[in-house]
Structure formats: structure tokens, C-alpha cells
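Asker: Here's a structure for you.
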Amino acid sequence: DKRFVENKIKNLIKNQETTLNQELFLFPLKEQILYGYAGGRRIWKEMQNIVIISSIGFAILLIACFNFINLAIALNLRRYREAGIKKVVGSARSTIAIQFLGETFIITLISLVSSLILIRLLLAGFNSMFNYNIHLQLLDFRMLLFLLAVTTFTGFISGIFPALYLSSSNPINTIKGKMITGHSYSFFRQSLIVFQFAIPIVLIICMMIIRTQDKYIRNYDAGVDKDLIVLNNSINIQRHAESFKTELLAIPGIDAVSFTNCIPTRGARVSSEVTWEGKDATEKLHFWCVNSDFDYNKTVKIKMFQGRFFNPSFSSDNIAYVINDVAAAVMKNKNPVGSSITIEGRKGTIIGVFKDFHAIDLAGPIVPTVISINSGEFPTILVKYSSGLFPGVTSQIRTIFKHYETEIPYQATLFRDLIPYSNLSLPSRLVGLAFIIALLLACMGLFGLASFTSENRTKEIGIRKANGATTLSVMRKLLASYTKWLTISFIIALPIALLFGKSFLGKFYFHTPLPLWAFIVGPVIAATVALLTVGSQTWSVANRNPVKSLRYE
């Protein structure tokens with residue numbers, strides 16, 4: 001039993017070492033890729049992208065369903081008489097509704113097959129664009145069940161309302177040529193148009209908010225020169241660290257080289273075994289411990305405001321510490337320089353205090369950080385260069401790297417190009433792509449509906465023009481209802497996007513102000529595309545010769 005095993009292993013570490021306040025727990029191996037664990041709780045990693053993609057896919061599916069419902073109700077006016085005649089000869093309302101639902105399911109199945117073919121064709125490009133390795137497993141029972149569920153949902157949602165509309169025909173009114181003009185169906189169709197445009201408006205505003213935060217994080221001054229080269233260290237290089245560093249510094253344009261365990265904003269080793277004079281023995285606090293050499297402050301912008309950084313001229317600095325202002329505040333020591341601190345049993349003197357250094361990403365606050373000249377692990381080499389092109393500099397570094405390390409592949413990355421530096425690139429691209437698809441679908445539905453509406457009002461347009469109406473006045477008349485629907489869509493979408501924006505930015509300790517311009521630019525873009533789509537069809541109808549329009553029937 002899982003709970004029984006967890007209870008057995010929970011306190012193994014604390015029972016062996018009372019100073020370590022750490023607990024063990026079971027971690028499902030199948031969740032390793034999608035989830036992580038922090039503070040005893042399961043947290044999302046890649047799962048957040050799956051949720052984003054699923055939510056966007058569902059939103060797009062709803063737009064497609066809304067389009068189908070609107071167009072089906074509009075086009076079924078022509079089948080209204082057919083349904084009435086069937087009722088006259090004895091067909092039940094349920095029979096007519098089931099017939100239309102069956103037709104809808106056939107269309108849905110054809111769409112499913114077409115989509116599977118498109119997925120086969122586009123999957124390789126999608127994997128390349130988003131750095132994924134997704135495969136379509138059609139023979140998997142769970143996949144088949146999922147496809148069946150989606151098909152059933154889509155067919156039912158798309159077909160049920162048009163089927164009810166078609167089956168509601170009155171035989172007597174149908175024979176007389178009268179159609180349903182009930183306000184409930186008209187209001188329902190207008191509501192669908194409103195909601196299908198509210199979705200892309202929310203998406204484009206969300207995309208702009210995400211991209212603004214992404215740009216803010218990438219350009220944020222985290223105390224690091226963006227032209228910082230990151231290399232992976234190895235045992236062979238570490239054995240010849242000084243000669244390796246000397247050869248790198250001989251390359252023109254390279255200013256400093258440092259061996260460390262901490263890339264700023266990437267995180268460092270965390271320890272709760274930190275004590276100092278006056279500390280409450282029962283208090284367990286986490287400090288981020290940076291192992292460095294004497295050149296770390298030359299490579300990374302360490303802003304000292306009390307004391308000094310490490311200096312190889314002072315032999316005592318090998319057992320000294322430099323802390324940040326947050327660590328000093330945690331220690332409740334306004335003048336910590338000269339006082340002692342013990343980390344994992346290693347006691348040393350604090351010789352300096354620095355500030356504005358981000359040991360972890362910008363989603364969290366500046367954490368208590370301690371830097372030491374430690375003989376621990378140095379998995380990373382930081383190289384600061386000020387001149388020359390990156391390809392030329394890195395090719396020279398490669399030559400030196402391969403001289404000391406022949407087994408491990410050489411990989412040099414600019415700090416600014418580190419993919420995890422901002423985890424918002426993928427979500428912003430996904431939301432942006434979803435906005436384009438959603439807007440195109442909404443405009444396609446609107447174009448079809450506009451075409452049908454304009455054609456039905458051809459005689460009205462001809463009469464108006466025969467009485468002196470201009471093409472522009474007729475267009476204004478035709479576009480008035482669409483403008484009203486779009487305005488209502490904006491009113492619905494803006495508070496939803498505002499709520500998302502505040503919630504999203506609130507997850508970051510350091511974040512950009514809410515970009516209010518996105519709430520103007522986003523709707524304007526969506527409205528412009530929508531009105532141009534409808535306007536093109538409306539113009540062709542409104543610009544017709546009134547004589548031809550009056551001969552329409």
C-alpha cells in the first residue's frame with residue numbers, strides 16, 4: 001500500500017540526522033515529465049502546456065460548433081417546408097430531429113477523418129515548432145475512446161439546436177409559406193455570434209499580456225550581462241581549471257571566466273543548515289548557497305553595498321562568506337559584516353553584503369543568498385565577453401574545450417538564449433496561434449451568415465437604392481447589426497481578459513504593469529478583421545444594380 005510505504009520511509013533522514021528537516025515520499029514515475037513536487041505538494045510543469053492546449057482546442061471546437069449551428073439554422077429555412085410536408089404525411093417531430101442529427105453526425109465523422117489526415121501531415125511541423133515529440137496512436141484504446149467522445153460531443157452540440165428548430169415547423173404555416181420568426185431562435189443565434197467572437201478577443205488580449213511579460217522578463221536587469229556564455233563543466237576541465245581559465249582569457253574579447261554552481265535566475269543549491277549567533281534553534285530557514293571562485297563578481301554584476309567581495313590576496317577569504325541584503329534581514333542583522341555564520345557545519349566570517357541578485361527566476365522574490373569560495377561542485381562555467389561575434393568567440397572556446405575534454409560534447413549557450421530563462425515563449429506562441437485559428441473560424445462563420453443574410457435582403461436593398469439610397473448608406477444599414485454584436489462581444493471579453501491578466505501577472509513576483517493598451521489594440525484588430533470580412537460580402541451586394549436586385553425573384 002502506498003500510504004503504508006510512505007509512512008515507513010517518511011522520517012528516515014530525520015532519524016539518521018536530527019539537524020536535517022527533510023522527509024521522503026513516493027513519487028509516481030509516470031508523472032515525472034508532467035509534474036513535479038515542491039513543499040509536499042504536486043505542482044505543474046509540462047502539464048500547464050497541456051492544459052493550455054486543451055483549453056484552446058476546446059474553445060476553438062466551440063467556435064466551430066457555433067458556426068455550424070448558425071449556418072445550419074440559416075440554411076435550413078429552405079428545408080422548413082420539407083419538414084412541414086413530412087409532418088403532414090405523418091412524420092413525428094422526433095423523427096425529423098433524429099434525421100437532422102444523423103446528417104450532422106455524418107458531417108462530423110467526415111470532419112474527423114479529414115482532421116486525422118491533416119494531423120498526420122502537420123504533426124512533424126508542429127513538433128518542430130514547439131520542440132515536442134508527439135505521436136498519433138490511433139490503435140490506442142484510450143485514443144479511440146477520446147475520439148469517440150469528441151465526435152459525439154461535437155455532433156450533438158452542433159446538431160441538436162438546428163434539429164429542434166427544423167422539427168418545430170407548423171404544417172399549416174409551412175403550407176402557407178410562413179416561416180418561424182420566433183424571437184427565441186433569433187436571440188439564440190445572435191448570442192452564438194457574440195460568444196464566438198468573445199473567445200478570439202480574449203485570446204488576443206491574453207497573448208499580448210503573456211508576450212509583454214515575456215519581454216519584460218527577458219529584458220529585466222537580473223544583474224547579468226546578456227552576452228554571457230554558459231558552458232558545462234567536466235571532471236577533466238575541473239582538474240585543470242586554472243590553465244583552462246588562463247587560455248580562455250587569452251582569447252581577444254573575453255573579460256572574465258568563473259566556475260560556479262549558479263547561473264543567475266536559474267537557481268542554486270538550497271540548504272536549511274544555516275545558523276548564526278542569536279538564531280532560534282527551532283527555526284528552519286532556507287538559504288540559497290552559491291559556490292564560486294574569486295572571479296564570479298567580474299563575470300556577474302555583484303552589487304556590493306557593504307564590505308567587499310572575495311580577494312585572493314586574503315587567505316582567510318577561502319572560509320569567508322558574502323551574503324545578500326535579504327539574508328541579512330532574515331538574520332535580523334543590520335551590520336552583518338564581521339559577524340559569523342555557519343553553513344552545513346562550515347563556520348566563516350561575513351566579509352560583504354550585496355543586493356539585487358536573482359538566484360532564482362523572476363516568478364519569486366529575491367531569496368536569502370550566500371556566496372562562498374567553496375570546494376564543492378562547479379557544474380557550470382560562465383564566460384563574459386565584450387567584443388567580437390558570438391560564432392567566432394565560441395569557435396575559439398571550442399578548440400580549448402576539446403583540448404581538455406574529448407569525451408563530453410561541447411555546448412556553448414548565450415545566457416539570453418537559455419530556453420528556461422522565460423517559460424512564456426511557448427504559451428505565448430500557442431495562444432497567438434489559437435487566436436489566429438479562432439478568428440479565422442469566427443470570420444468564416446460570419447462571412448457565411450452575412451452572405452445568406454445579404455442574399456435574403458436583395459430585394460430590400462434594390463428598393464432602397466431605387467429610392468435614392470447610396471451604396472455606403474446601404475452598407476451601414478447591413479453592418480449595423482454586426483457592429484452591435486461585436487460591441488457586445490467586447491463588453492463580455494474585456495472583464496474575462498482583465499481577470500486572466502491580473503491572475504497571470506500575479507503569479508510573478510516581478511512583473512510588468514497590466515498592459516492596458518492590449519485591451520484596446522486586441523479588440524480593434526479583431527473588429528477590423530471581422531468587419532472587413534463581412535464588409536467585402538456586404539459591398540458586393542450593396543453595389544449591385546437596383547434593376548437586377550428587383551428582378552432577384
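By convention in this document, the chains of the C-alpha cells carry letters A, B, ... by their order, each chain's residues are numbered from 1, and ligands are numbered from 1 in the order they are shown.
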From range 349-444 of chain A, collect each residue whose DSSP state is strand (DSSP E) and return the set as a PyMOL selection string.
Answerer: chain A and resi 349-355+369-372+380-385+412-414
Asker: From a DSSP pass on the backbone, collect the residues of range 364-516 of chain A flagged as alpha helix (DSSP H) and hand them back as a ChimeraX atom specification.
Answerer: /A:390-404,425-456,458-466,471-505
Asker: Excluding same-chain residues fewer than 6 positions from range 140-152 of chain A, what lies within 8 Å of it counting only C-alpha atoms, as a PyMOL selection string?
Answerer: chain A and resi 105+108-109+112
Asker: For Cys443 in chain A, which residue among A:Thr533, A:Leu516, A:Ile210, A:Met304 is the nearest when counting only C-alpha atoms?
Answerer: A:Thr533
Asker: Hey, what's within 6 Å of Ile371 in chain A if we count only C-alpha atoms and toss same-chain stuff fewer than 6 positions away? As a list of chain:residue names, please?
Answerer: A:Val290, A:Tyr321, A:Val322
Asker: Just N, CA, C and O atoms for this one: save the residues we selected as a CSV table (one decimal), in the first residue's frame.
Answerer:
```csv
chain,number,residue,atom,x,y,z
A,290,VAL,N,25.6,29.7,-3.1
A,290,VAL,CA,26.3,29.8,-4.4
A,290,VAL,C,27.8,29.4,-4.2
A,290,VAL,O,28.5,30.1,-3.4
A,321,TYR,N,32.3,34.4,3.9
A,321,TYR,CA,31.1,34.4,3.2
A,321,TYR,C,30.7,35.8,2.8
A,321,TYR,O,31.1,36.8,3.5
A,322,VAL,N,30.0,35.9,1.7
A,322,VAL,CA,29.3,37.1,1.3
A,322,VAL,C,27.9,36.8,1.1
A,322,VAL,O,27.5,35.8,0.5
```
Asker: Do you have the CA of Asn311 in chain A-CA of Val393 in chain A distance handy?
Answerer: 28.1 Å
Asker: Give the answer as one residue: which of A:Val270, A:Ile60, A:Ile119, A:Ala72 has the shortest atom-to-atom distance to Leu138 in chain A, using only C-alpha atoms?
Answerer: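 Of A:Val270, A:Ile60, A:Ile119, A:Ala72, the one nearest Leu138 in chain A is A:Ile119, counting only C-alpha atoms.
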Asker: Would you mind listing what lies within 8 Å of Gly501 in chain A as a VMD selection string, with only C-alpha atoms counted and same-chain residues fewer than 6 positions away left out?
Answerer: chain A and resid 206 209 514
Asker: Could you save those same residues with N, CA, C and O atoms as a PDB file, in the first residue's frame?
Answerer:
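Below is the file that was written, again-v2.pdb:
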```pdb
ATOM      1  N   CYS A 206      -4.973  38.047 -24.144  1.00  0.00           N
ATOM      2  CA  CYS A 206      -4.121  37.178 -23.321  1.00  0.00           C
ATOM      3  C   CYS A 206      -2.746  37.010 -23.960  1.00  0.00           C
ATOM      4  O   CYS A 206      -1.721  37.022 -23.266  1.00  0.00           O
ATOM      5  N   ILE A 209      -0.714  40.088 -23.288  1.00  0.00           N
ATOM      6  CA  ILE A 209      -0.284  40.159 -21.888  1.00  0.00           C
ATOM      7  C   ILE A 209       0.890  39.206 -21.649  1.00  0.00           C
ATOM      8  O   ILE A 209       1.891  39.574 -21.024  1.00  0.00           O
ATOM      9  N   LEU A 514      -0.025  45.850 -15.856  1.00  0.00           N
ATOM     10  CA  LEU A 514      -1.019  45.322 -16.786  1.00  0.00           C
ATOM     11  C   LEU A 514      -1.069  46.215 -18.031  1.00  0.00           C
ATOM     12  O   LEU A 514      -1.346  47.415 -17.929  1.00  0.00           O
TER      13      LEU A 514
END
```
Asker: Might you pull out every residue within 8 Å of Glu46 in chain A, with only C-alpha atoms counted and same-chain residues fewer than 3 positions away left off, and present them as a count of residues only?
Answerer: 5
Asker: Smallest atom-to-atom distance to Ile343 in chain A: which of A:Asp221, A:Asp417, A:Glu273, A:Glu460, using only C-alpha atoms?
Answerer: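 Among A:Asp221, A:Asp417, A:Glu273, A:Glu460, it is A:Glu273 that comes nearest to Ile343 in chain A.
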Asker: Considering only C-alpha atoms, state which residue in the set A:Thr104, A:Gln306, A:Gln213, A:Ile408 is at the smallest distance from Lys507 in chain A.
Answerer: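 Smallest distance to Lys507 in chain A is found for A:Gln213.
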Asker: Might you pull out every residue within 8 Å of Ala97 in chain A, with only C-alpha atoms counted and same-chain residues fewer than 3 positions away left off, and present them as a PyMOL selection string?
Answerer: chain A and resi 93-94+100-101+160+163-164+166-167
Asker: Please produce a file of the residues just selected, as an mmCIF file, in the first residue's frame, where the atoms kept are all heavy atoms.
Answerer:
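Saved to again.cif:
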```cif
data_model
loop_
_atom_site.group_PDB
_atom_site.id
_atom_site.type_symbol
_atom_site.label_atom_id
_atom_site.label_comp_id
_atom_site.auth_asym_id
_atom_site.auth_seq_id
_atom_site.Cartn_x
_atom_site.Cartn_y
_atom_site.Cartn_z
ATOM 1 N N ARG A 93 -42.208 14.695 -34.798
ATOM 2 C CA ARG A 93 -41.160 15.708 -34.603
ATOM 3 C C ARG A 93 -39.827 15.059 -34.266
ATOM 4 O O ARG A 93 -38.777 15.487 -34.749
ATOM 5 C CB ARG A 93 -41.574 16.664 -33.483
ATOM 6 C CG ARG A 93 -40.543 17.747 -33.202
ATOM 7 C CD ARG A 93 -41.019 18.722 -32.155
ATOM 8 N NE ARG A 93 -40.024 19.758 -31.928
ATOM 9 C CZ ARG A 93 -40.172 20.782 -31.088
ATOM 10 N NH1 ARG A 93 -41.301 20.906 -30.403
ATOM 11 N NH2 ARG A 93 -39.219 21.666 -30.937
ATOM 12 N N SER A 94 -39.871 13.993 -33.468
ATOM 13 C CA SER A 94 -38.635 13.308 -33.080
ATOM 14 C C SER A 94 -37.954 12.672 -34.287
ATOM 15 O O SER A 94 -36.721 12.653 -34.380
ATOM 16 C CB SER A 94 -38.934 12.235 -32.031
ATOM 17 O OG SER A 94 -39.879 11.298 -32.535
ATOM 18 N N PHE A 100 -32.048 14.988 -38.876
ATOM 19 C CA PHE A 100 -31.061 16.058 -38.984
ATOM 20 C C PHE A 100 -29.834 15.768 -38.125
ATOM 21 O O PHE A 100 -28.696 16.020 -38.538
ATOM 22 C CB PHE A 100 -31.664 17.401 -38.574
ATOM 23 C CG PHE A 100 -30.734 18.554 -38.834
ATOM 24 C CD1 PHE A 100 -30.694 19.159 -40.071
ATOM 25 C CD2 PHE A 100 -29.851 19.004 -37.846
ATOM 26 C CE1 PHE A 100 -29.821 20.201 -40.326
ATOM 27 C CE2 PHE A 100 -28.976 20.036 -38.093
ATOM 28 C CZ PHE A 100 -28.961 20.647 -39.347
ATOM 29 N N LEU A 101 -30.051 15.216 -36.932
ATOM 30 C CA LEU A 101 -28.912 14.848 -36.084
ATOM 31 C C LEU A 101 -28.039 13.815 -36.784
ATOM 32 O O LEU A 101 -26.805 13.870 -36.720
ATOM 33 C CB LEU A 101 -29.417 14.288 -34.742
ATOM 34 C CG LEU A 101 -29.611 15.295 -33.611
ATOM 35 C CD1 LEU A 101 -30.207 14.599 -32.392
ATOM 36 C CD2 LEU A 101 -28.292 15.966 -33.241
ATOM 37 N N ILE A 160 -28.119 19.489 -32.318
ATOM 38 C CA ILE A 160 -29.342 19.433 -31.535
ATOM 39 C C ILE A 160 -30.217 20.673 -31.724
ATOM 40 O O ILE A 160 -31.437 20.576 -31.905
ATOM 41 C CB ILE A 160 -29.029 19.202 -30.030
ATOM 42 C CG1 ILE A 160 -30.322 18.986 -29.242
ATOM 43 C CG2 ILE A 160 -28.224 20.342 -29.455
ATOM 44 C CD1 ILE A 160 -31.087 17.769 -29.635
ATOM 45 N N ALA A 163 -31.696 20.880 -35.255
ATOM 46 C CA ALA A 163 -32.697 19.816 -35.380
ATOM 47 C C ALA A 163 -34.001 20.210 -34.697
ATOM 48 O O ALA A 163 -35.092 19.994 -35.233
ATOM 49 C CB ALA A 163 -32.151 18.521 -34.771
ATOM 50 N N LEU A 164 -33.896 20.801 -33.505
ATOM 51 C CA LEU A 164 -35.093 21.257 -32.799
ATOM 52 C C LEU A 164 -35.785 22.368 -33.579
ATOM 53 O O LEU A 164 -37.017 22.443 -33.637
ATOM 54 C CB LEU A 164 -34.720 21.746 -31.394
ATOM 55 C CG LEU A 164 -34.239 20.662 -30.421
ATOM 56 C CD1 LEU A 164 -33.791 21.296 -29.107
ATOM 57 C CD2 LEU A 164 -35.333 19.633 -30.164
ATOM 58 N N LEU A 166 -35.672 22.871 -36.893
ATOM 59 C CA LEU A 166 -36.279 22.331 -38.104
ATOM 60 C C LEU A 166 -37.540 21.537 -37.781
ATOM 61 O O LEU A 166 -38.548 21.602 -38.508
ATOM 62 C CB LEU A 166 -35.276 21.440 -38.838
ATOM 63 C CG LEU A 166 -35.675 20.936 -40.225
ATOM 64 C CD1 LEU A 166 -35.828 22.103 -41.187
ATOM 65 C CD2 LEU A 166 -34.634 19.955 -40.749
ATOM 66 N N SER A 167 -37.489 20.789 -36.683
ATOM 67 C CA SER A 167 -38.628 19.931 -36.333
ATOM 68 C C SER A 167 -39.777 20.702 -35.701
ATOM 69 O O SER A 167 -40.836 20.125 -35.435
ATOM 70 C CB SER A 167 -38.174 18.819 -35.382
ATOM 71 O OG SER A 167 -37.700 19.382 -34.166
#
```
Asker: What separation in Å, quoted to one decimal, exists between CA of Phe188 in chain A and CA of Cys65 in chain A?
Answerer: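 Value for the CA of Phe188 in chain A-CA of Cys65 in chain A distance: 13.5 Å.
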Asker: Please, what distance in Å, to one decimal, runs between CA of Gly468 in chain A and CA of Leu532 in chain A?
Answerer: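 Atom-to-atom, CA of Gly468 in chain A to CA of Leu532 in chain A, that is 25.1 Å.
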Asker: Taking only C-alpha atoms into account, produce a table as a Markdown table in which each residue of range 395-486 of chain A with an atom at most 7 Å from an atom of range 232-256 of chain A appears once, together with its shortest atom pair and the distance in Å to one decimal, ordered by chain and rising number.
Answerer:
```
| residue | atom | partner | partner_atom | distance |
| --- | --- | --- | --- | --- |
| A:Ile397 | CA | A:Leu248 | CA | 6.7 |
| A:Tyr404 | CA | A:Ile237 | CA | 5.8 |
| A:Glu405 | CA | A:Asn236 | CA | 6.1 |
```
